[in-house]
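What follows is a short report on a single structure.
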Amino acid sequence: MTADEALAWLLERAKAVDATEEVAVEDTLGRVLAEDVAATVSAPPLDNSAMDGYAVRLADLDPEGETALPVSQRIPAGHVGQPLAQGTAARIFTGAPVPPGADTVVMQEHCTEADGRVTVRRAPQAGANVRRAGEDFAAGATVLVAGTRLGPQHQGLAAAAGHARLKVARRLKVAAFFTGDEIVMPGEPLKPGQIYNSNRFALRGLLQGLGCEVVDLGIVPDRFDATVDVLRQAARQADAVITSGGVSVGEEDHVKAAVESIGKLTMWKVAMKPGKPLAFGELDGAFFLGLPGNPVSAFVTFCLFVRPFLLRCQGVRQVAPPSYILPAAFEWKKPGDRREFARARLDIGADGSPVAALYPNQSSGALSSVAWAQGLVELPEGKTIERGQSVKFIPFSELLS
Ligand code: AMP
Ligand code: MG
């Protein structure tokens, strides 16, 4: 199965949680909007000044030369002035409503005020420096759509539109456990043959980045009964269960058989590197996603398959990460028969524009490649790449937030 086919298959099975909750806007970072948000007000609510200066009627200004006008009122932000008397100017400040009758604001740098009169040295364009009522959005307009993952910019917009609380999808609860008799938590001494549980930390961070609530069930030994027990426990409390390791076909790999014994399992060898074994299953009340044990494979597989799947389960519409086409700063002479997602970084090319550079060690065990990288370069199966040729770069900035 190709990576594209595996992803399409997964997304077809994703089911958005239907429970929602109302949350204060300041607590919605990373949450997913459950309904469209309409503006309760127009922004700006009134025509207002974009500058500190003088509000005038343009017809009162000499288009060729200077004009002196009496200053008839002073309007700071937060105060509403009187209609502008003909042949006068209003001293006005940024954000203050433009008084009825005025149509233009002259910036103060183009004026001199003395003895209650302002001399406008240069007449601006009609309507200059006036922000029109509703030019950002009108009352009643939809400013945010359901399925948006809320970032700081959306929180700001929701507040500007008059909302203190928003209806968001319930957080997804994801249980995770990590298989392997050789796996030990950092902080413990390492005996011969053991390695530290790096997947726990990378996967936890990835899940937290997606706004999921993580239930960590720890390290599980390579035994069928132990695996079944923890799977049952995981499925009881979570919407999805994620594991690392134990999904190959060796006799020490028990995850596959354990899932089959209590639910349904679909296994693939996805034609990609790193990665390959990826398992999907349906347990009683929870999805199952089995990642490879190799830390780089687990990380990349999570980014490419689990991330979009879990986002869809939270109701996110747009789950594909944006990518960029960049010139390769490398040669790729020995392409494999599987698509490769190489750890890559942006570099500056000879002409000053960005190019994609590869980490020298692309082994699926080398976690330093992921830490060095800023993203993944997709190398199509069976194709060589010449230096300078275009490649697709998927930045981590999108994948990991
Ligand atoms: P497995 O899929 O269980 O055969 O594991 C493949 C490789 O990944 C082996 O070298 C494991 O030692 C390693 N591995 C499995 N789980 C973890 C983990 N939680 N942290 C770091 N490495 C792991
Ligand atoms: Mg193992």
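FYI, nothing fancy with the structure tokens labels: chains A, B, ... in order, residues from 1 per chain, ligands from 1 as they appear.
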Distance query Gly388 in chain A at most 8 Å, only C-alpha atoms, self and fewer than 5 positions along chain excluded, as a VMD selection string:
chain A and resid 327 to 330
Just-selected residues, N, CA, C and O atoms written as an mmCIF file, in the first residue's frame:
```cif
data_model
loop_
_atom_site.group_PDB
_atom_site.id
_atom_site.type_symbol
_atom_site.label_atom_id
_atom_site.label_comp_id
_atom_site.auth_asym_id
_atom_site.auth_seq_id
_atom_site.Cartn_x
_atom_site.Cartn_y
_atom_site.Cartn_z
ATOM 1 N N PRO A 327 14.472 23.825 -4.136
ATOM 2 C CA PRO A 327 15.561 23.134 -4.815
ATOM 3 C C PRO A 327 16.331 22.257 -3.822
ATOM 4 O O PRO A 327 16.514 22.648 -2.667
ATOM 5 N N ALA A 328 16.742 21.083 -4.273
ATOM 6 C CA ALA A 328 17.509 20.172 -3.421
ATOM 7 C C ALA A 328 18.944 20.677 -3.303
ATOM 8 O O ALA A 328 19.553 21.054 -4.308
ATOM 9 N N ALA A 329 19.472 20.656 -2.086
ATOM 10 C CA ALA A 329 20.885 20.985 -1.866
ATOM 11 C C ALA A 329 21.686 19.691 -1.791
ATOM 12 O O ALA A 329 22.735 19.637 -1.173
ATOM 13 N N PHE A 330 21.155 18.625 -2.408
ATOM 14 C CA PHE A 330 21.791 17.305 -2.316
ATOM 15 C C PHE A 330 21.540 16.541 -3.606
ATOM 16 O O PHE A 330 20.708 16.939 -4.420
#
```
At a cut-off of 9 Å and counting only C-alpha atoms and all ligand atoms, what residues surround ligand 1? Please answer as a PyMOL selection string.
chain A and resi 177-185+194-201+219+222+243-250+252-253+277+291-298+364-365
So that I have them on file, write out the residues from the current selection with C-alpha atoms, as a PDB file, in the first residue's frame.
```pdb
ATOM      1  CA  PHE A 177       1.747   2.401  25.880  1.00  0.00           C
ATOM      2  CA  PHE A 178       5.179   1.321  24.811  1.00  0.00           C
ATOM      3  CA  THR A 179       6.120  -2.279  24.212  1.00  0.00           C
ATOM      4  CA  GLY A 180       9.479  -3.918  24.638  1.00  0.00           C
ATOM      5  CA  ASP A 181      11.358  -5.891  27.273  1.00  0.00           C
ATOM      6  CA  GLU A 182      14.407  -3.774  26.461  1.00  0.00           C
ATOM      7  CA  ILE A 183      12.734  -0.414  27.151  1.00  0.00           C
ATOM      8  CA  VAL A 184      13.620   1.513  30.315  1.00  0.00           C
ATOM      9  CA  MET A 185      12.654   4.956  31.552  1.00  0.00           C
ATOM     10  CA  GLN A 194      18.405  -2.082  27.322  1.00  0.00           C
ATOM     11  CA  ILE A 195      17.573   1.280  25.743  1.00  0.00           C
ATOM     12  CA  TYR A 196      15.687   4.300  26.973  1.00  0.00           C
ATOM     13  CA  ASN A 197      12.028   4.854  26.185  1.00  0.00           C
ATOM     14  CA  SER A 198      12.368   7.793  23.829  1.00  0.00           C
ATOM     15  CA  ASN A 199       9.080   7.116  22.046  1.00  0.00           C
ATOM     16  CA  ARG A 200       7.140   7.916  25.173  1.00  0.00           C
ATOM     17  CA  PHE A 201       8.461  11.448  25.241  1.00  0.00           C
ATOM     18  CA  ILE A 219       6.012   0.281  29.343  1.00  0.00           C
ATOM     19  CA  ASP A 222       6.652  -8.454  25.364  1.00  0.00           C
ATOM     20  CA  THR A 243       1.345   1.937  20.845  1.00  0.00           C
ATOM     21  CA  SER A 244       4.950   1.788  19.792  1.00  0.00           C
ATOM     22  CA  GLY A 245       6.741  -1.396  18.829  1.00  0.00           C
ATOM     23  CA  GLY A 246       5.598  -4.977  18.764  1.00  0.00           C
ATOM     24  CA  VAL A 247       3.780  -4.796  15.442  1.00  0.00           C
ATOM     25  CA  SER A 248       6.341  -6.616  13.322  1.00  0.00           C
ATOM     26  CA  VAL A 249       6.015 -10.313  12.620  1.00  0.00           C
ATOM     27  CA  GLY A 250       8.654 -11.623  15.031  1.00  0.00           C
ATOM     28  CA  GLU A 252       8.315 -11.262  20.350  1.00  0.00           C
ATOM     29  CA  ASP A 253       5.724  -8.990  18.723  1.00  0.00           C
ATOM     30  CA  PRO A 277       4.586  -1.441   9.675  1.00  0.00           C
ATOM     31  CA  LEU A 291       3.289   2.566  15.389  1.00  0.00           C
ATOM     32  CA  PRO A 292       6.644   0.997  14.601  1.00  0.00           C
ATOM     33  CA  GLY A 293       9.120   0.820  17.485  1.00  0.00           C
ATOM     34  CA  ASN A 294      12.011   2.537  15.752  1.00  0.00           C
ATOM     35  CA  PRO A 295      11.963   6.074  17.100  1.00  0.00           C
ATOM     36  CA  VAL A 296      12.292   7.831  13.744  1.00  0.00           C
ATOM     37  CA  SER A 297       9.730   5.555  12.132  1.00  0.00           C
ATOM     38  CA  ALA A 298       7.316   6.136  15.014  1.00  0.00           C
ATOM     39  CA  SER A 364      15.316   4.942  11.122  1.00  0.00           C
ATOM     40  CA  GLY A 365      17.026   4.514  14.482  1.00  0.00           C
TER      41      GLY A 365
END
```
If you run DSSP on this backbone, which residues of range 108-269 of chain A come out as helix (DSSP H, G or I), and could you give them as a PDB file with N, CA, C and O atoms, in the first residue's frame?
```pdb
ATOM      1  N   GLN A 108      -1.299  64.456  11.699  1.00  0.00           N
ATOM      2  CA  GLN A 108      -0.816  65.668  12.392  1.00  0.00           C
ATOM      3  C   GLN A 108       0.524  66.137  11.846  1.00  0.00           C
ATOM      4  O   GLN A 108       0.836  67.324  11.905  1.00  0.00           O
ATOM      5  N   GLU A 109       1.285  65.235  11.263  1.00  0.00           N
ATOM      6  CA  GLU A 109       2.580  65.624  10.683  1.00  0.00           C
ATOM      7  C   GLU A 109       2.408  66.592   9.515  1.00  0.00           C
ATOM      8  O   GLU A 109       3.362  67.260   9.113  1.00  0.00           O
ATOM      9  N   HIS A 110       1.211  66.654   8.937  1.00  0.00           N
ATOM     10  CA  HIS A 110       0.964  67.563   7.808  1.00  0.00           C
ATOM     11  C   HIS A 110       0.240  68.835   8.252  1.00  0.00           C
ATOM     12  O   HIS A 110      -0.300  69.569   7.417  1.00  0.00           O
ATOM     13  N   PRO A 152      -3.755  31.737  18.256  1.00  0.00           N
ATOM     14  CA  PRO A 152      -3.880  33.063  18.878  1.00  0.00           C
ATOM     15  C   PRO A 152      -4.615  34.055  17.982  1.00  0.00           C
ATOM     16  O   PRO A 152      -5.374  34.895  18.472  1.00  0.00           O
ATOM     17  N   GLN A 153      -4.416  33.936  16.680  1.00  0.00           N
ATOM     18  CA  GLN A 153      -5.078  34.865  15.762  1.00  0.00           C
ATOM     19  C   GLN A 153      -6.598  34.682  15.766  1.00  0.00           C
ATOM     20  O   GLN A 153      -7.366  35.643  15.675  1.00  0.00           O
ATOM     21  N   HIS A 154      -7.032  33.414  15.906  1.00  0.00           N
ATOM     22  CA  HIS A 154      -8.472  33.154  15.952  1.00  0.00           C
ATOM     23  C   HIS A 154      -9.064  33.591  17.289  1.00  0.00           C
ATOM     24  O   HIS A 154     -10.195  34.065  17.358  1.00  0.00           O
ATOM     25  N   GLN A 155      -8.286  33.416  18.361  1.00  0.00           N
ATOM     26  CA  GLN A 155      -8.757  33.863  19.677  1.00  0.00           C
ATOM     27  C   GLN A 155      -8.951  35.374  19.671  1.00  0.00           C
ATOM     28  O   GLN A 155      -9.949  35.899  20.178  1.00  0.00           O
ATOM     29  N   GLY A 156      -7.998  36.085  19.060  1.00  0.00           N
ATOM     30  CA  GLY A 156      -8.113  37.537  18.967  1.00  0.00           C
ATOM     31  C   GLY A 156      -9.336  37.944  18.168  1.00  0.00           C
ATOM     32  O   GLY A 156     -10.101  38.837  18.558  1.00  0.00           O
ATOM     33  N   LEU A 157      -9.557  37.272  17.045  1.00  0.00           N
ATOM     34  CA  LEU A 157     -10.692  37.601  16.183  1.00  0.00           C
ATOM     35  C   LEU A 157     -12.023  37.320  16.884  1.00  0.00           C
ATOM     36  O   LEU A 157     -12.962  38.121  16.803  1.00  0.00           O
ATOM     37  N   ALA A 158     -12.093  36.185  17.593  1.00  0.00           N
ATOM     38  CA  ALA A 158     -13.326  35.850  18.318  1.00  0.00           C
ATOM     39  C   ALA A 158     -13.640  36.931  19.349  1.00  0.00           C
ATOM     40  O   ALA A 158     -14.796  37.357  19.496  1.00  0.00           O
ATOM     41  N   ALA A 159     -12.608  37.398  20.038  1.00  0.00           N
ATOM     42  CA  ALA A 159     -12.805  38.449  21.038  1.00  0.00           C
ATOM     43  C   ALA A 159     -13.247  39.744  20.358  1.00  0.00           C
ATOM     44  O   ALA A 159     -14.198  40.403  20.819  1.00  0.00           O
ATOM     45  N   ALA A 160     -12.606  40.081  19.244  1.00  0.00           N
ATOM     46  CA  ALA A 160     -12.984  41.306  18.514  1.00  0.00           C
ATOM     47  C   ALA A 160     -14.435  41.228  18.062  1.00  0.00           C
ATOM     48  O   ALA A 160     -15.131  42.247  17.984  1.00  0.00           O
ATOM     49  N   SER A 198      12.464   6.466  24.439  1.00  0.00           N
ATOM     50  CA  SER A 198      12.368   7.793  23.829  1.00  0.00           C
ATOM     51  C   SER A 198      10.988   8.011  23.198  1.00  0.00           C
ATOM     52  O   SER A 198      10.474   9.126  23.176  1.00  0.00           O
ATOM     53  N   ASN A 199      10.376   6.955  22.718  1.00  0.00           N
ATOM     54  CA  ASN A 199       9.080   7.116  22.046  1.00  0.00           C
ATOM     55  C   ASN A 199       8.023   7.720  22.966  1.00  0.00           C
ATOM     56  O   ASN A 199       7.168   8.477  22.534  1.00  0.00           O
ATOM     57  N   ARG A 200       8.125   7.383  24.245  1.00  0.00           N
ATOM     58  CA  ARG A 200       7.140   7.916  25.173  1.00  0.00           C
ATOM     59  C   ARG A 200       7.157   9.438  25.162  1.00  0.00           C
ATOM     60  O   ARG A 200       6.116  10.082  25.164  1.00  0.00           O
ATOM     61  N   PHE A 201       8.347   9.995  25.124  1.00  0.00           N
ATOM     62  CA  PHE A 201       8.461  11.448  25.241  1.00  0.00           C
ATOM     63  C   PHE A 201       8.090  12.135  23.935  1.00  0.00           C
ATOM     64  O   PHE A 201       7.408  13.154  23.929  1.00  0.00           O
ATOM     65  N   ALA A 202       8.550  11.557  22.831  1.00  0.00           N
ATOM     66  CA  ALA A 202       8.224  12.161  21.535  1.00  0.00           C
ATOM     67  C   ALA A 202       6.712  12.065  21.271  1.00  0.00           C
ATOM     68  O   ALA A 202       6.083  13.050  20.866  1.00  0.00           O
ATOM     69  N   LEU A 203       6.131  10.902  21.550  1.00  0.00           N
ATOM     70  CA  LEU A 203       4.703  10.723  21.248  1.00  0.00           C
ATOM     71  C   LEU A 203       3.813  11.553  22.164  1.00  0.00           C
ATOM     72  O   LEU A 203       2.808  12.125  21.730  1.00  0.00           O
ATOM     73  N   ARG A 204       4.190  11.628  23.416  1.00  0.00           N
ATOM     74  CA  ARG A 204       3.441  12.484  24.351  1.00  0.00           C
ATOM     75  C   ARG A 204       3.408  13.916  23.860  1.00  0.00           C
ATOM     76  O   ARG A 204       2.360  14.561  23.830  1.00  0.00           O
ATOM     77  N   GLY A 205       4.584  14.419  23.477  1.00  0.00           N
ATOM     78  CA  GLY A 205       4.673  15.795  22.986  1.00  0.00           C
ATOM     79  C   GLY A 205       3.852  15.988  21.721  1.00  0.00           C
ATOM     80  O   GLY A 205       3.165  16.997  21.550  1.00  0.00           O
ATOM     81  N   LEU A 206       3.922  15.013  20.833  1.00  0.00           N
ATOM     82  CA  LEU A 206       3.147  15.100  19.593  1.00  0.00           C
ATOM     83  C   LEU A 206       1.648  15.143  19.898  1.00  0.00           C
ATOM     84  O   LEU A 206       0.894  15.916  19.311  1.00  0.00           O
ATOM     85  N   LEU A 207       1.223  14.292  20.837  1.00  0.00           N
ATOM     86  CA  LEU A 207      -0.202  14.248  21.185  1.00  0.00           C
ATOM     87  C   LEU A 207      -0.636  15.541  21.874  1.00  0.00           C
ATOM     88  O   LEU A 207      -1.715  16.078  21.594  1.00  0.00           O
ATOM     89  N   GLN A 208       0.210  16.044  22.756  1.00  0.00           N
ATOM     90  CA  GLN A 208      -0.128  17.293  23.430  1.00  0.00           C
ATOM     91  C   GLN A 208      -0.217  18.427  22.421  1.00  0.00           C
ATOM     92  O   GLN A 208      -1.090  19.289  22.516  1.00  0.00           O
ATOM     93  N   GLY A 209       0.687  18.405  21.432  1.00  0.00           N
ATOM     94  CA  GLY A 209       0.657  19.423  20.377  1.00  0.00           C
ATOM     95  C   GLY A 209      -0.649  19.408  19.600  1.00  0.00           C
ATOM     96  O   GLY A 209      -1.058  20.422  19.039  1.00  0.00           O
ATOM     97  N   PHE A 224       1.996 -11.710  25.572  1.00  0.00           N
ATOM     98  CA  PHE A 224       0.645 -11.612  25.018  1.00  0.00           C
ATOM     99  C   PHE A 224      -0.370 -11.199  26.085  1.00  0.00           C
ATOM    100  O   PHE A 224      -1.136 -10.246  25.904  1.00  0.00           O
ATOM    101  N   ASP A 225      -0.360 -11.891  27.251  1.00  0.00           N
ATOM    102  CA  ASP A 225      -1.390 -11.604  28.268  1.00  0.00           C
ATOM    103  C   ASP A 225      -1.268 -10.179  28.797  1.00  0.00           C
ATOM    104  O   ASP A 225      -2.263  -9.473  28.961  1.00  0.00           O
ATOM    105  N   ALA A 226      -0.027  -9.738  29.018  1.00  0.00           N
ATOM    106  CA  ALA A 226       0.179  -8.369  29.521  1.00  0.00           C
ATOM    107  C   ALA A 226      -0.318  -7.350  28.495  1.00  0.00           C
ATOM    108  O   ALA A 226      -0.928  -6.327  28.840  1.00  0.00           O
ATOM    109  N   THR A 227      -0.082  -7.633  27.230  1.00  0.00           N
ATOM    110  CA  THR A 227      -0.491  -6.711  26.161  1.00  0.00           C
ATOM    111  C   THR A 227      -2.015  -6.637  26.073  1.00  0.00           C
ATOM    112  O   THR A 227      -2.582  -5.554  25.942  1.00  0.00           O
ATOM    113  N   VAL A 228      -2.671  -7.799  26.172  1.00  0.00           N
ATOM    114  CA  VAL A 228      -4.135  -7.822  26.134  1.00  0.00           C
ATOM    115  C   VAL A 228      -4.712  -7.029  27.312  1.00  0.00           C
ATOM    116  O   VAL A 228      -5.625  -6.212  27.146  1.00  0.00           O
ATOM    117  N   ASP A 229      -4.150  -7.232  28.485  1.00  0.00           N
ATOM    118  CA  ASP A 229      -4.653  -6.533  29.682  1.00  0.00           C
ATOM    119  C   ASP A 229      -4.606  -5.026  29.506  1.00  0.00           C
ATOM    120  O   ASP A 229      -5.585  -4.326  29.779  1.00  0.00           O
ATOM    121  N   VAL A 230      -3.458  -4.533  29.087  1.00  0.00           N
ATOM    122  CA  VAL A 230      -3.300  -3.083  28.997  1.00  0.00           C
ATOM    123  C   VAL A 230      -4.125  -2.519  27.834  1.00  0.00           C
ATOM    124  O   VAL A 230      -4.658  -1.419  27.913  1.00  0.00           O
ATOM    125  N   LEU A 231      -4.279  -3.300  26.781  1.00  0.00           N
ATOM    126  CA  LEU A 231      -5.122  -2.862  25.658  1.00  0.00           C
ATOM    127  C   LEU A 231      -6.566  -2.667  26.112  1.00  0.00           C
ATOM    128  O   LEU A 231      -7.214  -1.679  25.779  1.00  0.00           O
ATOM    129  N   ARG A 232      -7.061  -3.637  26.889  1.00  0.00           N
ATOM    130  CA  ARG A 232      -8.436  -3.553  27.397  1.00  0.00           C
ATOM    131  C   ARG A 232      -8.612  -2.308  28.244  1.00  0.00           C
ATOM    132  O   ARG A 232      -9.571  -1.561  28.099  1.00  0.00           O
ATOM    133  N   GLN A 233      -7.637  -2.116  29.135  1.00  0.00           N
ATOM    134  CA  GLN A 233      -7.657  -0.979  30.048  1.00  0.00           C
ATOM    135  C   GLN A 233      -7.622   0.337  29.241  1.00  0.00           C
ATOM    136  O   GLN A 233      -8.352   1.273  29.538  1.00  0.00           O
ATOM    137  N   ALA A 234      -6.799   0.360  28.199  1.00  0.00           N
ATOM    138  CA  ALA A 234      -6.658   1.563  27.371  1.00  0.00           C
ATOM    139  C   ALA A 234      -7.956   1.871  26.640  1.00  0.00           C
ATOM    140  O   ALA A 234      -8.428   3.009  26.615  1.00  0.00           O
ATOM    141  N   ALA A 235      -8.548   0.831  26.053  1.00  0.00           N
ATOM    142  CA  ALA A 235      -9.761   1.025  25.260  1.00  0.00           C
ATOM    143  C   ALA A 235     -10.918   1.513  26.128  1.00  0.00           C
ATOM    144  O   ALA A 235     -11.770   2.263  25.669  1.00  0.00           O
ATOM    145  N   ARG A 236     -10.925   1.085  27.394  1.00  0.00           N
ATOM    146  CA  ARG A 236     -11.997   1.491  28.307  1.00  0.00           C
ATOM    147  C   ARG A 236     -11.986   2.998  28.538  1.00  0.00           C
ATOM    148  O   ARG A 236     -13.013   3.622  28.664  1.00  0.00           O
ATOM    149  N   GLN A 237     -10.786   3.588  28.627  1.00  0.00           N
ATOM    150  CA  GLN A 237     -10.744   4.988  29.030  1.00  0.00           C
ATOM    151  C   GLN A 237     -10.489   5.989  27.920  1.00  0.00           C
ATOM    152  O   GLN A 237     -10.572   7.184  28.167  1.00  0.00           O
ATOM    153  N   VAL A 255       1.559  -7.304  19.862  1.00  0.00           N
ATOM    154  CA  VAL A 255       0.493  -6.305  19.773  1.00  0.00           C
ATOM    155  C   VAL A 255      -0.574  -6.727  18.767  1.00  0.00           C
ATOM    156  O   VAL A 255      -1.769  -6.633  19.024  1.00  0.00           O
ATOM    157  N   LYS A 256      -0.094  -7.226  17.638  1.00  0.00           N
ATOM    158  CA  LYS A 256      -0.990  -7.615  16.566  1.00  0.00           C
ATOM    159  C   LYS A 256      -1.996  -8.674  17.066  1.00  0.00           C
ATOM    160  O   LYS A 256      -3.214  -8.498  16.959  1.00  0.00           O
ATOM    161  N   ALA A 257      -1.459  -9.729  17.626  1.00  0.00           N
ATOM    162  CA  ALA A 257      -2.322 -10.825  18.111  1.00  0.00           C
ATOM    163  C   ALA A 257      -3.239 -10.338  19.234  1.00  0.00           C
ATOM    164  O   ALA A 257      -4.409 -10.736  19.310  1.00  0.00           O
ATOM    165  N   ALA A 258      -2.724  -9.466  20.079  1.00  0.00           N
ATOM    166  CA  ALA A 258      -3.537  -8.967  21.198  1.00  0.00           C
ATOM    167  C   ALA A 258      -4.719  -8.154  20.682  1.00  0.00           C
ATOM    168  O   ALA A 258      -5.846  -8.305  21.166  1.00  0.00           O
ATOM    169  N   VAL A 259      -4.478  -7.298  19.688  1.00  0.00           N
ATOM    170  CA  VAL A 259      -5.573  -6.496  19.129  1.00  0.00           C
ATOM    171  C   VAL A 259      -6.596  -7.426  18.474  1.00  0.00           C
ATOM    172  O   VAL A 259      -7.804  -7.284  18.669  1.00  0.00           O
ATOM    173  N   GLU A 260      -6.092  -8.407  17.729  1.00  0.00           N
ATOM    174  CA  GLU A 260      -7.010  -9.334  17.042  1.00  0.00           C
ATOM    175  C   GLU A 260      -7.867 -10.123  18.026  1.00  0.00           C
ATOM    176  O   GLU A 260      -8.999 -10.477  17.719  1.00  0.00           O
ATOM    177  N   SER A 261      -7.308 -10.383  19.208  1.00  0.00           N
ATOM    178  CA  SER A 261      -8.053 -11.199  20.175  1.00  0.00           C
ATOM    179  C   SER A 261      -9.206 -10.419  20.815  1.00  0.00           C
ATOM    180  O   SER A 261     -10.142 -11.023  21.317  1.00  0.00           O
ATOM    181  N   ILE A 262      -9.128  -9.093  20.817  1.00  0.00           N
ATOM    182  CA  ILE A 262     -10.240  -8.347  21.439  1.00  0.00           C
ATOM    183  C   ILE A 262     -10.921  -7.372  20.481  1.00  0.00           C
ATOM    184  O   ILE A 262     -11.880  -6.709  20.847  1.00  0.00           O
TER     185      ILE A 262
END
```
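Nearest to ligand 2 of all the residues A:Leu150, A:Ala123, A:Val220, A:Phe93 is A:Val220, counting only C-alpha atoms and all ligand atoms.
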For Arg117 in chain A, list every protein, DNA or RNA residue within 12 Å, evaluated using only C-alpha atoms, and leave out those in the same chain fewer than 3 positions away; present the list as JSON, numbers by chain.
{"A": [54, 67, 68, 69, 70, 71, 72, 73, 87, 88, 89, 90, 91, 111, 112, 113, 114, 120]}
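We find CA of Lys264 in chain A and CA of Glu340 in chain A to be spaced 29.1 Å apart.
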Every residue of range 18-135 of chain A that DSSP places in strand (DSSP E or B), as a PyMOL selection string
chain A and resi 20-24+32-33+37-38+43+48-49+53-56+67-75+89-92+97+104-107+111-114+117-120+130-131
CA of Ser323 in chain A and CA of Gly375 in chain A are how many Å apart?
9.6 Å
